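Engineer: Input target14.txt, format and content: compact mmCIF, C-alpha atoms and all ligand atoms.
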```
# COMPACT_ATOMS: atom_id res chain seq x y z
CA MET A 1 -16.90 94.02 137.76
CA GLN A 2 -15.77 94.05 141.41
CA GLN A 3 -17.71 95.51 144.32
CA ASP A 4 -15.70 97.19 147.05
CA LYS A 5 -17.71 97.15 150.23
CA GLY A 6 -14.69 96.17 152.24
CA ALA A 7 -15.54 92.70 150.92
CA LEU A 8 -13.19 90.32 149.13
CA VAL A 9 -12.13 91.42 145.68
CA LYS A 10 -10.02 89.65 143.12
CA ILE A 11 -8.24 91.87 140.64
CA PRO A 12 -5.68 90.10 138.46
CA ILE A 13 -2.61 91.86 137.17
CA LEU A 14 -3.61 90.75 133.67
CA ASP A 15 -6.77 89.06 132.41
CA LEU A 16 -6.16 87.22 129.17
CA LYS A 17 -9.50 85.43 129.45
CA GLY A 18 -11.34 88.73 129.05
CA GLN A 19 -9.47 89.48 125.84
CA TYR A 20 -10.07 85.98 124.50
CA ARG A 21 -13.80 86.15 125.16
CA GLY A 22 -14.10 89.18 122.88
CA ILE A 23 -12.39 87.53 119.88
CA GLN A 24 -13.00 83.85 120.52
CA ASP A 25 -14.78 83.09 117.24
CA GLU A 26 -12.13 84.74 115.11
CA ILE A 27 -9.33 82.94 116.96
CA ARG A 28 -11.00 79.58 116.65
CA SER A 29 -11.63 79.94 112.95
CA ALA A 30 -8.01 81.07 112.38
CA ILE A 31 -6.82 77.96 114.21
CA ASP A 32 -9.23 75.77 112.24
CA GLU A 33 -7.75 77.03 108.98
CA ILE A 34 -4.30 75.93 110.09
CA LEU A 35 -5.62 72.55 111.22
CA GLU A 36 -7.23 72.08 107.81
CA SER A 37 -4.01 73.05 106.04
CA GLN A 38 -1.79 70.88 108.29
CA GLN A 39 1.07 73.29 107.59
CA PHE A 40 2.46 74.16 110.99
CA ILE A 41 5.91 75.65 110.52
CA LEU A 42 6.55 78.84 108.53
CA GLY A 43 4.55 78.74 105.27
CA PRO A 44 1.99 81.15 103.77
CA VAL A 45 0.24 82.23 106.99
CA VAL A 46 3.54 83.15 108.62
CA GLU A 47 4.50 85.04 105.45
CA LYS A 48 1.21 86.95 105.49
CA PHE A 49 1.70 87.85 109.15
CA GLU A 50 5.28 88.98 108.46
CA ALA A 51 4.05 91.22 105.63
CA GLU A 52 1.29 92.66 107.83
CA VAL A 53 3.69 93.44 110.68
CA ALA A 54 6.15 95.04 108.26
CA ALA A 55 3.31 97.19 106.87
CA TYR A 56 1.99 98.05 110.35
CA LEU A 57 5.43 99.13 111.57
CA ARG A 58 6.46 100.60 108.19
CA SER A 59 9.63 98.59 108.30
CA GLY A 60 11.53 96.93 105.47
CA ALA A 61 11.26 93.34 106.64
CA ALA A 62 9.74 91.34 109.48
CA ILE A 63 10.95 87.80 110.15
CA GLY A 64 9.00 85.46 112.41
CA VAL A 65 11.09 83.53 114.92
CA ALA A 66 10.48 81.27 117.91
CA SER A 67 10.65 83.87 120.71
CA GLY A 68 11.74 87.36 121.67
CA SER A 69 14.87 85.88 123.21
CA ASP A 70 15.77 84.28 119.90
CA ALA A 71 14.96 87.52 118.04
CA LEU A 72 17.69 89.21 120.10
CA LEU A 73 20.13 86.35 119.69
CA LEU A 74 19.61 86.08 115.93
CA SER A 75 20.01 89.85 115.51
CA LEU A 76 23.36 89.85 117.30
CA MET A 77 24.43 86.80 115.30
CA ALA A 78 23.52 88.56 112.06
CA LEU A 79 25.68 91.50 113.12
CA GLY A 80 28.56 89.08 113.61
CA ILE A 81 28.85 89.82 117.33
CA GLY A 82 30.95 87.30 119.23
CA PRO A 83 34.03 86.92 121.44
CA GLY A 84 36.04 90.12 121.68
CA ASP A 85 32.97 92.29 121.10
CA ALA A 86 30.98 94.28 123.64
CA VAL A 87 27.41 95.54 123.72
CA LEU A 88 26.14 98.44 125.86
CA VAL A 89 22.95 97.43 127.69
CA PRO A 90 20.99 98.52 130.78
CA PRO A 91 21.17 96.28 133.87
CA PHE A 92 17.48 96.84 134.70
CA THR A 93 15.65 94.71 132.16
CA PHE A 94 14.51 91.15 131.50
CA PHE A 95 17.27 88.53 131.51
CA ALA A 96 17.14 87.86 127.75
CA SER A 97 18.32 91.39 126.89
CA VAL A 98 21.70 90.38 128.30
CA SER A 99 21.87 86.61 127.92
CA CYS A 100 21.76 87.06 124.13
CA ILE A 101 25.13 88.82 124.45
CA THR A 102 26.86 86.33 126.74
CA ARG A 103 25.46 83.35 124.81
CA LEU A 104 27.59 84.51 121.86
CA GLY A 105 30.73 84.89 123.97
CA ALA A 106 30.46 88.68 123.76
CA THR A 107 30.64 91.02 126.76
CA PRO A 108 27.76 93.08 128.10
CA ILE A 109 28.79 96.51 129.37
CA PHE A 110 26.11 97.78 131.71
CA ILE A 111 25.00 101.40 131.56
CA ASP A 112 22.71 102.75 134.29
CA ILE A 113 19.12 103.81 133.75
CA ASP A 114 17.33 107.12 134.03
CA PRO A 115 15.63 107.02 137.45
CA GLU A 116 12.54 108.80 136.10
CA THR A 117 11.78 106.46 133.22
CA PHE A 118 13.72 103.26 134.12
CA LEU A 119 15.14 103.39 130.55
CA LEU A 120 18.75 103.39 129.37
CA ASP A 121 20.12 106.85 130.18
CA PRO A 122 21.84 108.55 127.23
CA GLY A 123 23.72 110.73 129.73
CA ALA A 124 25.22 107.58 131.26
CA VAL A 125 26.06 106.27 127.77
CA GLU A 126 27.91 109.52 127.06
CA ALA A 127 29.66 109.43 130.44
CA PHE A 128 30.89 105.90 129.70
CA VAL A 129 31.96 106.70 126.17
CA GLU A 130 33.77 109.91 127.15
CA GLY A 131 35.15 108.66 130.45
CA ARG A 132 36.13 105.07 129.85
CA ALA A 133 36.01 103.98 126.22
CA ARG A 134 38.97 104.60 123.91
CA PRO A 135 39.02 105.01 120.12
CA ALA A 136 39.96 101.75 118.40
CA ALA A 137 43.48 101.58 116.94
CA ASP A 138 42.08 101.24 113.41
CA GLY A 139 39.95 104.36 113.97
CA ARG A 140 36.69 102.39 113.63
CA GLY A 141 34.58 102.81 116.74
CA LEU A 142 35.47 102.32 120.37
CA VAL A 143 37.26 99.84 122.61
CA ASP A 144 36.55 99.16 126.28
CA PRO A 145 39.98 99.24 127.98
CA LYS A 146 38.81 97.05 130.89
CA SER A 147 37.66 94.09 128.79
CA GLN A 148 39.71 94.99 125.69
CA CYS A 149 36.52 94.40 123.69
CA ARG A 150 35.46 96.39 120.67
CA ILE A 151 32.14 98.05 121.41
CA LYS A 152 29.91 97.01 118.55
CA ALA A 153 26.34 97.74 119.55
CA LEU A 154 23.90 99.50 121.81
CA LEU A 155 20.90 97.52 123.06
CA PRO A 156 18.20 99.89 124.37
CA VAL A 157 15.16 98.25 125.96
CA HIS A 158 11.76 99.91 125.55
CA LEU A 159 10.87 98.76 129.03
CA PHE A 160 7.26 98.37 130.22
CA GLY A 161 6.08 99.67 126.82
CA GLN A 162 7.89 103.01 126.87
CA CYS A 163 10.14 104.17 124.04
CA CYS A 164 13.72 104.96 124.88
CA PRO A 165 14.92 108.47 123.91
CA MET A 166 15.90 107.27 120.47
CA THR A 167 16.78 110.61 118.87
CA VAL A 168 19.72 110.97 121.25
CA LEU A 169 20.68 107.30 121.22
CA LEU A 170 20.67 107.20 117.41
CA ALA A 171 22.97 110.23 117.29
CA GLN A 172 25.32 108.59 119.82
CA ALA A 173 25.33 105.34 117.87
CA ARG A 174 26.14 107.15 114.65
CA LYS A 175 28.91 109.13 116.29
CA HIS A 176 30.55 106.06 117.83
CA ASN A 177 29.93 103.60 115.01
CA LEU A 178 27.59 101.37 117.01
CA ALA A 179 24.75 99.25 115.68
CA ILE A 180 21.45 99.58 117.54
CA VAL A 181 19.45 96.50 118.44
CA GLU A 182 16.15 97.59 119.99
CA ASP A 183 14.55 95.26 122.52
CA VAL A 184 10.88 95.93 121.75
CA ALA A 185 9.57 92.83 123.51
CA GLN A 186 7.31 94.95 125.72
CA ALA A 187 6.49 97.78 123.32
CA PHE A 188 4.61 96.55 120.26
CA GLY A 189 2.55 99.53 119.08
CA ALA A 190 4.67 102.26 120.70
CA ARG A 191 5.79 105.17 118.54
CA GLU A 192 8.59 107.60 119.09
CA GLU A 193 9.02 111.04 117.58
CA ILE A 194 12.41 111.20 115.95
CA ALA A 195 13.30 114.86 115.83
CA PRO A 196 13.05 116.52 113.41
CA GLY A 197 10.50 114.34 111.76
CA PRO A 198 7.51 112.10 112.08
CA PHE A 199 6.66 109.45 114.64
CA LYS A 200 8.19 106.09 113.95
CA ALA A 201 7.36 102.72 115.41
CA ALA A 202 9.58 101.48 118.21
CA GLY A 203 11.65 98.69 116.70
CA THR A 204 12.18 100.39 113.34
CA LEU A 205 14.81 102.89 114.43
CA GLY A 206 17.95 100.84 114.84
CA GLU A 207 19.50 98.11 112.71
CA PHE A 208 17.15 95.64 114.37
CA GLY A 209 13.93 95.61 116.38
CA CYS A 210 13.26 92.46 118.39
CA PHE A 211 9.68 91.68 119.39
CA SER A 212 8.20 89.02 121.64
CA PHE A 213 4.75 87.51 121.27
CA PHE A 214 4.82 85.91 124.72
CA PRO A 215 1.14 85.75 125.79
CA THR A 216 1.38 88.69 128.23
CA LYS A 217 2.71 91.14 125.65
CA ASN A 218 0.53 93.82 124.04
CA LEU A 219 0.44 91.58 121.00
CA GLY A 220 0.60 88.13 122.54
CA GLY A 221 0.19 84.67 121.04
CA LEU A 222 -0.91 81.36 122.52
CA GLY A 223 2.65 80.42 123.40
CA ASP A 224 6.14 81.55 122.50
CA GLY A 225 6.83 83.57 119.38
CA GLY A 226 8.95 86.50 118.26
CA MET A 227 9.82 88.76 115.35
CA VAL A 228 12.95 90.40 114.04
CA VAL A 229 12.41 93.63 112.14
CA THR A 230 15.02 95.37 110.04
CA GLY A 231 15.21 97.94 107.28
CA ARG A 232 18.39 96.41 105.83
CA SER A 233 17.89 93.69 103.24
CA ASP A 234 21.33 92.12 103.87
CA LEU A 235 20.56 91.75 107.58
CA ALA A 236 17.05 90.43 106.84
CA GLU A 237 18.55 87.77 104.59
CA ALA A 238 21.04 86.79 107.29
CA VAL A 239 18.28 86.39 109.92
CA ARG A 240 16.09 84.40 107.51
CA ARG A 241 19.01 82.04 107.02
CA LEU A 242 20.05 81.90 110.66
CA ARG A 243 16.53 80.93 111.82
CA VAL A 244 16.73 77.75 109.71
CA HIS A 245 20.12 76.44 110.84
CA GLY A 246 22.02 78.84 108.59
CA ALA A 247 20.73 77.19 105.41
CA ASN A 248 20.26 79.28 102.28
CA HIS A 249 18.70 76.28 100.52
CA LYS A 250 17.36 73.21 102.25
CA TYR A 251 20.28 71.11 103.54
CA HIS A 252 22.87 73.63 102.30
CA HIS A 253 24.34 75.45 105.29
CA LEU A 254 26.41 78.60 104.91
CA GLU A 255 26.83 78.93 108.66
CA VAL A 256 25.62 77.45 111.93
CA GLY A 257 22.30 79.00 112.89
CA LEU A 258 19.41 78.03 115.14
CA ASN A 259 16.12 76.25 114.76
CA SER A 260 13.97 79.29 115.50
CA ARG A 261 10.82 79.58 113.42
CA LEU A 262 7.43 81.06 114.11
CA ASP A 263 4.64 78.47 114.15
CA ALA A 264 1.80 78.93 111.69
CA LEU A 265 -0.70 78.50 114.54
CA GLN A 266 0.84 81.45 116.38
CA ALA A 267 0.94 83.54 113.20
CA ALA A 268 -2.73 82.80 112.52
CA VAL A 269 -3.75 83.91 116.01
CA LEU A 270 -1.46 86.93 115.94
CA ARG A 271 -2.94 88.04 112.60
CA VAL A 272 -6.33 88.27 114.30
CA LYS A 273 -4.92 90.12 117.30
CA LEU A 274 -2.91 92.56 115.14
CA ARG A 275 -6.25 94.02 113.99
CA TYR A 276 -7.02 94.97 117.61
CA VAL A 277 -3.61 96.01 118.86
CA ASP A 278 -4.10 99.76 118.29
CA GLN A 279 -7.38 99.70 120.15
CA TRP A 280 -5.82 97.74 123.02
CA CYS A 281 -2.86 100.14 123.22
CA GLU A 282 -5.25 103.10 123.41
CA GLU A 283 -7.24 101.37 126.14
CA ARG A 284 -4.08 100.75 128.14
CA ILE A 285 -3.05 104.41 127.77
CA GLU A 286 -6.51 105.46 128.89
CA ARG A 287 -6.22 103.28 131.99
CA ALA A 288 -2.78 104.72 132.76
CA ARG A 289 -4.31 108.22 132.60
CA ARG A 290 -7.04 107.11 134.93
CA TYR A 291 -4.54 105.67 137.45
CA ARG A 292 -2.68 108.96 137.31
CA ALA A 293 -5.77 111.03 138.03
CA LEU A 294 -6.85 108.72 140.84
CA PHE A 295 -3.40 108.65 142.45
CA LEU A 296 -2.94 112.42 142.22
CA ALA A 297 -6.19 112.81 144.15
CA THR A 298 -4.83 110.68 147.02
CA GLY A 299 -2.09 113.16 147.91
CA LEU A 300 0.43 110.29 148.00
CA VAL A 301 2.35 111.21 144.86
CA GLY A 302 5.75 112.70 145.52
CA LYS A 303 6.52 113.03 149.26
CA GLN A 304 8.78 109.97 148.91
CA ILE A 305 5.72 107.71 148.89
CA LEU A 306 4.62 107.06 145.30
CA SER A 307 6.12 108.07 142.01
CA LEU A 308 4.11 107.48 138.83
CA PRO A 309 5.05 106.93 135.21
CA ASN A 310 4.79 110.23 133.41
CA PRO A 311 5.15 109.70 129.68
CA SER A 312 4.72 112.40 127.08
CA ASP A 313 1.48 112.49 125.12
CA GLY A 314 0.82 110.19 122.20
CA ARG A 315 1.94 106.62 121.85
CA SER A 316 5.47 106.80 123.29
CA HIS A 317 4.32 104.52 126.15
CA VAL A 318 1.86 101.69 125.52
CA PHE A 319 1.82 100.39 129.09
CA ASN A 320 2.53 96.72 128.69
CA GLN A 321 2.98 97.17 132.43
CA TYR A 322 1.93 100.00 134.72
CA VAL A 323 4.94 100.36 137.01
CA LEU A 324 5.27 102.88 139.79
CA ARG A 325 7.76 103.37 142.59
CA ALA A 326 6.44 102.77 146.06
CA SER A 327 8.01 103.23 149.47
CA ARG A 328 7.78 100.08 151.65
CA ARG A 329 7.13 98.26 148.39
CA ASP A 330 7.26 94.70 149.71
CA GLU A 331 4.92 95.46 152.60
CA LEU A 332 2.50 97.20 150.24
CA ARG A 333 2.62 94.26 147.86
CA ALA A 334 1.86 91.77 150.64
CA TYR A 335 -1.01 93.97 151.86
CA LEU A 336 -2.53 94.20 148.37
CA GLY A 337 -2.13 90.46 147.92
CA GLU A 338 -4.13 89.86 151.10
CA GLN A 339 -6.80 92.16 149.67
CA GLY A 340 -7.04 90.15 146.43
CA ILE A 341 -5.12 92.63 144.30
CA MET A 342 -2.38 91.03 142.25
CA THR A 343 0.85 92.92 141.60
CA ALA A 344 4.30 92.01 140.33
CA VAL A 345 7.90 93.13 140.64
CA TYR A 346 9.75 93.56 137.37
CA TYR A 347 12.64 93.10 138.22
CA PRO A 348 13.78 92.33 141.78
CA VAL A 349 17.48 91.72 140.98
CA PRO A 350 19.33 93.87 138.44
CA LEU A 351 21.28 91.84 135.95
CA HIS A 352 24.77 92.95 137.03
CA LEU A 353 24.04 91.26 140.37
CA GLN A 354 22.72 87.95 138.99
CA PRO A 355 24.87 84.98 140.04
CA CYS A 356 25.30 83.79 136.45
CA PHE A 357 26.90 87.12 135.52
CA ALA A 358 29.27 87.24 138.53
CA PHE A 359 32.13 86.46 136.12
CA LEU A 360 31.69 89.94 134.64
CA GLY A 361 33.00 91.36 137.92
CA TYR A 362 30.33 93.94 138.73
CA ARG A 363 29.51 94.78 142.34
CA GLN A 364 26.61 96.12 144.38
CA GLY A 365 26.55 99.91 144.22
CA GLU A 366 27.85 100.25 140.67
CA PHE A 367 24.45 101.06 139.14
CA PRO A 368 22.56 102.87 141.89
CA HIS A 369 19.53 103.79 139.79
CA ALA A 370 18.98 100.22 138.62
CA GLU A 371 19.48 98.91 142.14
CA ARG A 372 17.04 101.40 143.64
CA ALA A 373 14.48 100.60 140.95
CA ALA A 374 14.76 96.90 141.77
CA ASP A 375 13.89 97.73 145.40
CA GLU A 376 11.03 100.10 144.69
CA VAL A 377 9.13 99.18 141.52
CA LEU A 378 5.66 97.69 141.63
CA ALA A 379 3.51 96.73 138.65
CA LEU A 380 -0.24 97.20 139.18
CA PRO A 381 -3.10 95.51 137.35
CA MET A 382 -3.06 96.72 133.73
CA PHE A 383 -4.97 95.35 130.77
CA PRO A 384 -7.48 96.79 128.29
CA GLU A 385 -10.49 95.26 130.03
CA LEU A 386 -9.60 96.65 133.50
CA THR A 387 -12.64 98.59 134.70
CA GLN A 388 -12.79 102.01 136.30
CA GLU A 389 -14.26 100.44 139.40
CA GLU A 390 -11.36 97.99 139.68
CA GLN A 391 -8.86 100.82 139.31
CA GLU A 392 -10.65 102.81 141.99
CA ILE A 393 -10.42 99.82 144.32
CA VAL A 394 -6.68 99.40 143.66
CA VAL A 395 -5.99 103.06 144.41
CA LYS A 396 -8.27 103.09 147.43
CA ARG A 397 -6.52 100.09 148.94
CA ILE A 398 -3.09 101.63 148.32
CA LYS A 399 -4.26 104.80 150.02
CA ALA A 400 -5.56 102.75 152.95
CA PHE A 401 -2.17 101.04 153.26
CA TYR A 402 -0.29 104.31 153.62
CA ARG A 403 -2.88 105.79 155.96
CA ARG A 404 -2.78 102.88 158.39
C1 LIG B 501 12.40 93.17 127.78
C2 LIG B 501 12.29 91.76 127.27
N1 LIG B 501 13.23 91.29 126.44
C3 LIG B 501 13.16 90.06 125.93
C4 LIG B 501 12.14 89.20 126.24
C5 LIG B 501 12.17 87.81 125.72
O1 LIG B 501 11.03 87.45 125.02
P1 LIG B 501 10.52 85.93 125.01
O2 LIG B 501 9.91 85.65 126.33
O3 LIG B 501 9.54 85.91 123.90
O4 LIG B 501 11.70 85.08 124.73
C6 LIG B 501 11.12 89.64 127.08
C7 LIG B 501 9.95 88.80 127.39
O5 LIG B 501 9.66 88.23 128.32
C8 LIG B 501 11.20 90.95 127.63
O6 LIG B 501 10.26 91.40 128.46
```
Before we go any further, please render this structure as structure tokens.
Ligand SMILES: Cc1ncc(COP(=O)(O)O)c(C=O)c1O
Structural biologist:
Amino acid sequence: MQQDKGALVKIPILDLKGQYRGIQDEIRSAIDEILESQQFILGPVVEKFEAEVAAYLRSGAAIGVASGSDALLLSLMALGIGPGDAVLVPPFTFFASVSCITRLGATPIFIDIDPETFLLDPGAVEAFVEGRARPAADGRGLVDPKSQCRIKALLPVHLFGQCCPMTVLLAQARKHNLAIVEDVAQAFGAREEIAPGPFKAAGTLGEFGCFSFFPTKNLGGLGDGGMVVTGRSDLAEAVRRLRVHGANHKYHHLEVGLNSRLDALQAAVLRVKLRYVDQWCEERIERARRYRALFLATGLVGKQILSLPNPSDGRSHVFNQYVLRASRRDELRAYLGEQGIMTAVYYPVPLHLQPCFAFLGYRQGEFPHAERAADEVLALPMFPELTQEEQEIVVKRIKAFYRR
């Protein structure tokens, strides 16, 4: 779409208008159906969408909720996590992966990331478990001697669309009696090979998978929305209850839950988009391959200048974001901005250094890989409609920056 004759270009990081144009009629008629029905909260369209997502993911149950943040919160609530409990979580992720823990009075224990993938590092999990955790007095699981909390769960985040190394994490969780709550907000459509065996959808491997339908996600709605996925019927029942104020029947409350329901309008739109999500994931993967080829040809990869995502083949990474490491990141970002190329930094401050988590007592330097990532990551334009020409311009301008 864009011409690069040294002239002004404008390449967004994400172009939702392009996607909408392609499916406008279907979206509008789905919305019209809801308007005609005047049923806006839960109801048959939400149920159909839940059944379709469960079938797509091959999971036992899918429960529509108000957001990805609530999906995480409700999952931890259903596991009974609260004060005196701890959850292992990476510090390099979106805020909600950790706030769901502290909101319940539980304690996040940060575990550093793998510098290659930016994902929770199973080696660091093992180092923590072997080096710091102690077996609980009752023989069930582990206790963190520093906080005196019982370690109840592991919360891996499939960041930027890439699956965590789940085979290893599942084995660790089994060994140490931990539940797994997968944060799949950015990875709808990703699949991980669980050795020995077939590929399974990210989000169906632990006790819970928590999805977000925030508009920028690979499957994004027209506002907030989320989904909890679980293979356990007891946990599914608990989440269904907790999303409606803990009521098992209307106005009969077994416990205190939330008001966290998926809107029918969102479900109707998401049902349309679900039909395209595989195609969109493939198009994102194709664009990531193209970036890789273009960048390799610049001679900038390695040499402490650029480092690219390098996922294995297949669908283990569905590129909700295309994130590389770049030296002089902030300067590069400003330069690209001046050239009309939009980029983003996910995430500039790791969560152990956020002011609201100061009470946890972590300090700068404790998670060097997360801290370095926060200084070096840069997300480039990535969306299914991104053209080859636009990608060539992005790479050309980055090359020009480093050759100045
Ligand atoms: C990794 C991660 N976890 C959780 C969330 C929370 O999802 P939501 O914005 O739908 O509450 C997001 C989305 O922004 C996310 O990227």
Engineer: Put the listed atoms of range 339-353 of chain A in a box along x, y and z with 8 Å added on every side and give me the centre and edge lengths in Å to one decimal, as JSON.
Structural biologist:
```
{"center_x": 8.9, "center_y": 92.0, "center_z": 142.8, "size_x": 47.8, "size_y": 19.7, "size_z": 29.7}
```
Engineer: So how far away is CA of Gly82 in chain A from CA of Leu104 in chain A, in Å?
Structural biologist: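 Going from CA of Leu104 in chain A over to CA of Gly82 in chain A, I get 5.1 Å.
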Engineer: Would you mind listing the residues within 7 Å of ligand LIG 501 (chain B), counting all atoms listed in the file, as a ChimeraX atom specification?
Structural biologist: /A:67-70,93-94,96-97,157,159,183-186,212-214,224-226
Engineer: Distance CA of Ala326 in chain A-CA of Cys163 in chain A, one decimal place?
Structural biologist: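 CA of Cys163 in chain A lies at a distance of 22.4 Å from CA of Ala326 in chain A.
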Engineer: One decimal, Å: what's the distance from CA of Leu308 in chain A over to CA of Ala293 in chain A, could you say?
Structural biologist: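 Interatomic distance, CA of Leu308 in chain A to CA of Ala293 in chain A: 10.5 Å.
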Engineer: If we count all atoms listed in the file and set the cut-off at 8 Å, which residues sit around Ala62 in chain A, ignoring sequence neighbours fewer than 5 positions away in its own chain? Please answer as number ranges by chain.
Structural biologist: A: 50-51, 53-54, 227-230, 236
Engineer: Which is closer to Leu235 in chain A than all the others in A:Ser75, A:Thr167, A:Ser147, A:Thr117, using only C-alpha atoms?
Structural biologist: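 Using only C-alpha atoms, Leu235 in chain A sits closest to A:Ser75.
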Engineer: Could you give me, as a tab-separated table, a per-residue list for range 257-366 of chain A showing, wherever an atom lies at most 7 Å from an atom of range 44-47 of chain A, the closest pair of atoms and their distance in Å to one decimal, using only C-alpha atoms and sorting by chain then residue number from low to high?
Structural biologist:
```
residue	atom	partner	partner_atom	distance
A:Ala264	CA	A:Val46	CA	5.5
A:Ala267	CA	A:Val46	CA	5.3
A:Ala268	CA	A:Val45	CA	6.3
```
Engineer: I'd like a table as CSV: residues in range 83-106 of chain A with an atom no more than 10 Å from range 122-134 of chain A, each row giving the shortest atom pair and its distance in Å to one decimal, all atoms listed in the file counted, sorted by chain and rising residue number.
Structural biologist:
```
residue,atom,partner,partner_atom,distance
A:Leu88,CA,A:Val125,CA,8.1
A:Val89,CA,A:Val125,CA,9.4
A:Pro90,CA,A:Val125,CA,9.7
```
Engineer: Rank A:Arg58, A:His352, A:Arg328, A:Phe319 by their smallest atom-to-atom distance to Ala379 in chain A, using only C-alpha atoms, and report the top residue only.
Structural biologist: A:Phe319
Engineer: From the set A:Thr102, A:Asn218, A:Ser316, A:Gln391, which residue has the shortest atom-to-atom contact distance to Ala201 in chain A, counting all atoms listed in the file?
Structural biologist: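 Residue with the minimum atom-to-atom distance to Ala201 in chain A: A:Ser316.
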Engineer: Residues proximal to (-2.6, 108.7, 124.4) were defined as those with any atom within 9 Å of that point in the file's coordinates, counting all atoms listed in the file. Which are they, as a PyMOL selection string?
Structural biologist: chain A and resi 281-286+289+312-318
Engineer: Between A:Glu116, A:Pro350, A:Thr204, A:Gln388, which residue has the minimum interatomic distance to Leu324 in chain A, considering all atoms listed in the file?
Structural biologist: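 Selected residue with least distance to Leu324 in chain A: A:Glu116.
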Engineer: Do you know which residues are at most 12 Å from Asp375 in chain A counting all atoms listed in the file, after dropping those on the same chain fewer than 6 positions away, and could you put them as a list in words?
Structural biologist: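 Result of the neighbour search: Phe92, Leu324, Arg325, Ala326, Ser327, Arg328, Arg329, Asp330, Glu331, Val345, Tyr346, Tyr347, Pro348, Val349, Pro350, Pro368 and His369 of chain A.
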